[in-house]
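Comments concern the structure below.
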Amino acid sequence: MQPAQRPGGRTARVRTAVHEAVLDLLREDKWDDLSIAVVAERSGVHQATIYRRWGTLNALVDDVVVERLSQGSPVPDTGTLRGDLEAYALQVAEDVAGPLGSLYLRAAMIGSRGPEGETFLIERGVQLQNMLDRAAGRGERPPTLLELMEVVIAPLYYHAMFFNRPAGPDHARTLVDRLLSLNPQIRP
């Protein structure tokens with residue numbers, strides 16, 4: 001007889017409490033104070049538990065960002081390459097403009113400080129590659145993941161970081177048009 005699974009058990013409660021503590025601290029603009037000790041105090045979860053589960057602050061922040069983006073911004077499946085790319089670009093522009101936009105930007109900077117900092121990018125990259133693979137499976141010729149990142153996604157984040165304002169929907173669509181026009185082999 002197998003032991004019963006406990007959906008929403010202690011592990012889920014710990015993860016939720018720790019994630020909420022991280023989000024609260026980041027919303028309060030306490031970036032410089034962020035540490036495992038502060039998260040432990042805020043969440044009511046012992047430091048040892050946090051270290052055992054996440055290992056480092058960077059891994060914890062990455063996990064929070066991946067969870068938030070996976071819940072709030074799933075990778076689209078519209079049935080066409082252009083539709084998927086436009087929907088995703090609009091979603092990124094909206095995410096960066098939204099209430100957690102600065103969180104995503106700053107968390108990406110925190111998460112990229114350590115050797116495990118690529119966790120967020122790897123996880124999201126897998127999701128995006130699946131979107132591109134679906135397009136190829138439909139007979140479309142998608143760009144590479146690197147082309148998508150460099151031509152569409154990076155400029156949206158760059159715009160928010162250096163111009164201190166998010167790109168609008170028209171700009172997001174223009175970036176997708178630019179991506180699709182770069183290589184005649186890419187067919188939407």
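Identifiers in this document derive from the order of the structure tokens: chains are assigned A, B, ..., residues are numbered from 1 separately in each chain, and ligands are numbered from 1 in order of occurrence.
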Determine, for each residue of stretch 117-165 of chain A having at least one atom at most 8 Å from an atom of stretch 73-97 of chain A, the closest pair of atoms and their separation in Å to one decimal, counting only C-alpha atoms; order by chain and ascending number, as JSON lines.
```
{"residue": "A:Gln127", "atom": "CA", "partner": "A:Val75", "partner_atom": "CA", "distance": 6.6}
{"residue": "A:Leu128", "atom": "CA", "partner": "A:Val75", "partner_atom": "CA", "distance": 6.7}
{"residue": "A:Met131", "atom": "CA", "partner": "A:Asp77", "partner_atom": "CA", "distance": 7.0}
{"residue": "A:Leu132", "atom": "CA", "partner": "A:Leu81", "partner_atom": "CA", "distance": 7.5}
{"residue": "A:Ala135", "atom": "CA", "partner": "A:Leu81", "partner_atom": "CA", "distance": 5.5}
{"residue": "A:Glu140", "atom": "CA", "partner": "A:Leu81", "partner_atom": "CA", "distance": 7.0}
{"residue": "A:Pro142", "atom": "CA", "partner": "A:Leu81", "partner_atom": "CA", "distance": 6.9}
{"residue": "A:Val152", "atom": "CA", "partner": "A:Ala89", "partner_atom": "CA", "distance": 6.8}
{"residue": "A:Ile153", "atom": "CA", "partner": "A:Ala89", "partner_atom": "CA", "distance": 6.9}
{"residue": "A:Leu156", "atom": "CA", "partner": "A:Ala93", "partner_atom": "CA", "distance": 6.2}
{"residue": "A:Tyr157", "atom": "CA", "partner": "A:Val96", "partner_atom": "CA", "distance": 7.2}
{"residue": "A:Ala160", "atom": "CA", "partner": "A:Val96", "partner_atom": "CA", "distance": 6.9}
{"residue": "A:Arg165", "atom": "CA", "partner": "A:Ala97", "partner_atom": "CA", "distance": 7.4}
```
Resulting file, chosen residues, N, CA and C atoms, as a PDB file, in the first residue's frame:
```
ATOM      1  N   GLN A 127       9.910  26.326 -22.187  1.00  0.00           N
ATOM      2  CA  GLN A 127       8.520  26.614 -22.537  1.00  0.00           C
ATOM      3  C   GLN A 127       8.427  27.295 -23.903  1.00  0.00           C
ATOM      4  N   LEU A 128       9.323  28.253 -24.143  1.00  0.00           N
ATOM      5  CA  LEU A 128       9.314  28.952 -25.432  1.00  0.00           C
ATOM      6  C   LEU A 128       9.736  28.031 -26.574  1.00  0.00           C
ATOM      7  N   MET A 131       6.888  26.135 -27.752  1.00  0.00           N
ATOM      8  CA  MET A 131       6.043  26.947 -28.621  1.00  0.00           C
ATOM      9  C   MET A 131       6.598  26.943 -30.048  1.00  0.00           C
ATOM     10  N   LEU A 132       7.912  27.106 -30.180  1.00  0.00           N
ATOM     11  CA  LEU A 132       8.547  27.115 -31.502  1.00  0.00           C
ATOM     12  C   LEU A 132       8.460  25.735 -32.158  1.00  0.00           C
ATOM     13  N   ALA A 135       5.117  25.185 -33.721  1.00  0.00           N
ATOM     14  CA  ALA A 135       5.030  25.857 -35.029  1.00  0.00           C
ATOM     15  C   ALA A 135       5.695  25.009 -36.105  1.00  0.00           C
ATOM     16  N   GLU A 140       5.337  25.287 -40.131  1.00  0.00           N
ATOM     17  CA  GLU A 140       5.864  26.651 -40.174  1.00  0.00           C
ATOM     18  C   GLU A 140       7.361  26.593 -39.900  1.00  0.00           C
ATOM     19  N   PRO A 142       9.874  28.349 -37.732  1.00  0.00           N
ATOM     20  CA  PRO A 142      10.054  29.330 -36.656  1.00  0.00           C
ATOM     21  C   PRO A 142      11.496  29.819 -36.561  1.00  0.00           C
ATOM     22  N   VAL A 152      13.039  40.063 -29.863  1.00  0.00           N
ATOM     23  CA  VAL A 152      11.743  40.433 -29.298  1.00  0.00           C
ATOM     24  C   VAL A 152      11.810  40.642 -27.781  1.00  0.00           C
ATOM     25  N   ILE A 153      12.233  39.632 -27.053  1.00  0.00           N
ATOM     26  CA  ILE A 153      12.122  39.682 -25.595  1.00  0.00           C
ATOM     27  C   ILE A 153      13.117  40.654 -24.967  1.00  0.00           C
ATOM     28  N   LEU A 156      12.172  44.318 -25.169  1.00  0.00           N
ATOM     29  CA  LEU A 156      11.066  44.694 -24.287  1.00  0.00           C
ATOM     30  C   LEU A 156      11.571  44.968 -22.872  1.00  0.00           C
ATOM     31  N   TYR A 157      12.466  44.120 -22.377  1.00  0.00           N
ATOM     32  CA  TYR A 157      13.048  44.342 -21.051  1.00  0.00           C
ATOM     33  C   TYR A 157      13.977  45.551 -21.060  1.00  0.00           C
ATOM     34  N   ALA A 160      12.050  48.771 -20.801  1.00  0.00           N
ATOM     35  CA  ALA A 160      11.566  49.025 -19.443  1.00  0.00           C
ATOM     36  C   ALA A 160      12.696  49.448 -18.510  1.00  0.00           C
ATOM     37  N   ARG A 165      10.114  52.977 -18.751  1.00  0.00           N
ATOM     38  CA  ARG A 165       8.699  52.835 -19.081  1.00  0.00           C
ATOM     39  C   ARG A 165       8.562  51.606 -19.976  1.00  0.00           C
TER      40      ARG A 165
END
```
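Omitting stretch 178-180 of chain A and its sequence neighbours fewer than 3 positions away, and counting only C-alpha atoms, the residues within 10 Å are Leu81, Arg82, Leu85, Arg141, Pro142, Pro143, Glu147, Leu148, Met149, Glu150, Val151, Val152, Ala172, Arg173, Thr174, Leu175, Asn183, Pro184, Gln185, Ile186, Arg187 and Pro188 of chain A.
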Those same residues - C-alpha atoms - I'd like them written as a compact mmCIF listing (two decimals), in the first residue's frame.
```txt
# COMPACT_ATOMS: atom_id res chain seq x y z
CA LEU A 81 3.56 31.16 -35.33
CA ARG A 82 2.73 34.84 -35.80
CA LEU A 85 4.82 35.34 -31.15
CA ARG A 141 9.51 27.68 -40.02
CA PRO A 142 10.05 29.33 -36.66
CA PRO A 143 13.04 31.42 -35.60
CA GLU A 147 16.61 34.95 -32.28
CA LEU A 148 13.34 35.27 -30.36
CA MET A 149 15.18 36.32 -27.20
CA GLU A 150 17.47 38.81 -28.95
CA VAL A 151 14.97 40.42 -31.32
CA VAL A 152 11.74 40.43 -29.30
CA ALA A 172 5.73 44.61 -29.23
CA ARG A 173 4.06 43.86 -32.58
CA THR A 174 6.79 45.79 -34.44
CA LEU A 175 9.43 43.61 -32.78
CA ASN A 183 15.08 35.59 -42.21
CA PRO A 184 13.08 34.70 -45.31
CA GLN A 185 13.15 31.09 -44.10
CA ILE A 186 10.90 32.10 -41.19
CA ARG A 187 7.36 31.77 -42.41
CA PRO A 188 4.50 32.82 -40.12
```
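Proximity ranking of A:Thr11, A:Ala167, A:Gln71, A:Val61 relative to A:Trp31 places A:Val61 first, based on only C-alpha atoms.
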Exercise: A:Arg10 partners within 12 Å, only C-alpha atoms, chain neighbours under 6 positions left out, as a PyMOL selection string: chain A and resi 16-17+45+49
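Minimum atom-to-atom distance to A:Val65, evaluated using only C-alpha atoms, belongs to A:Gly101 out of A:Pro169, A:Gly9, A:Gly101, A:Gly139.
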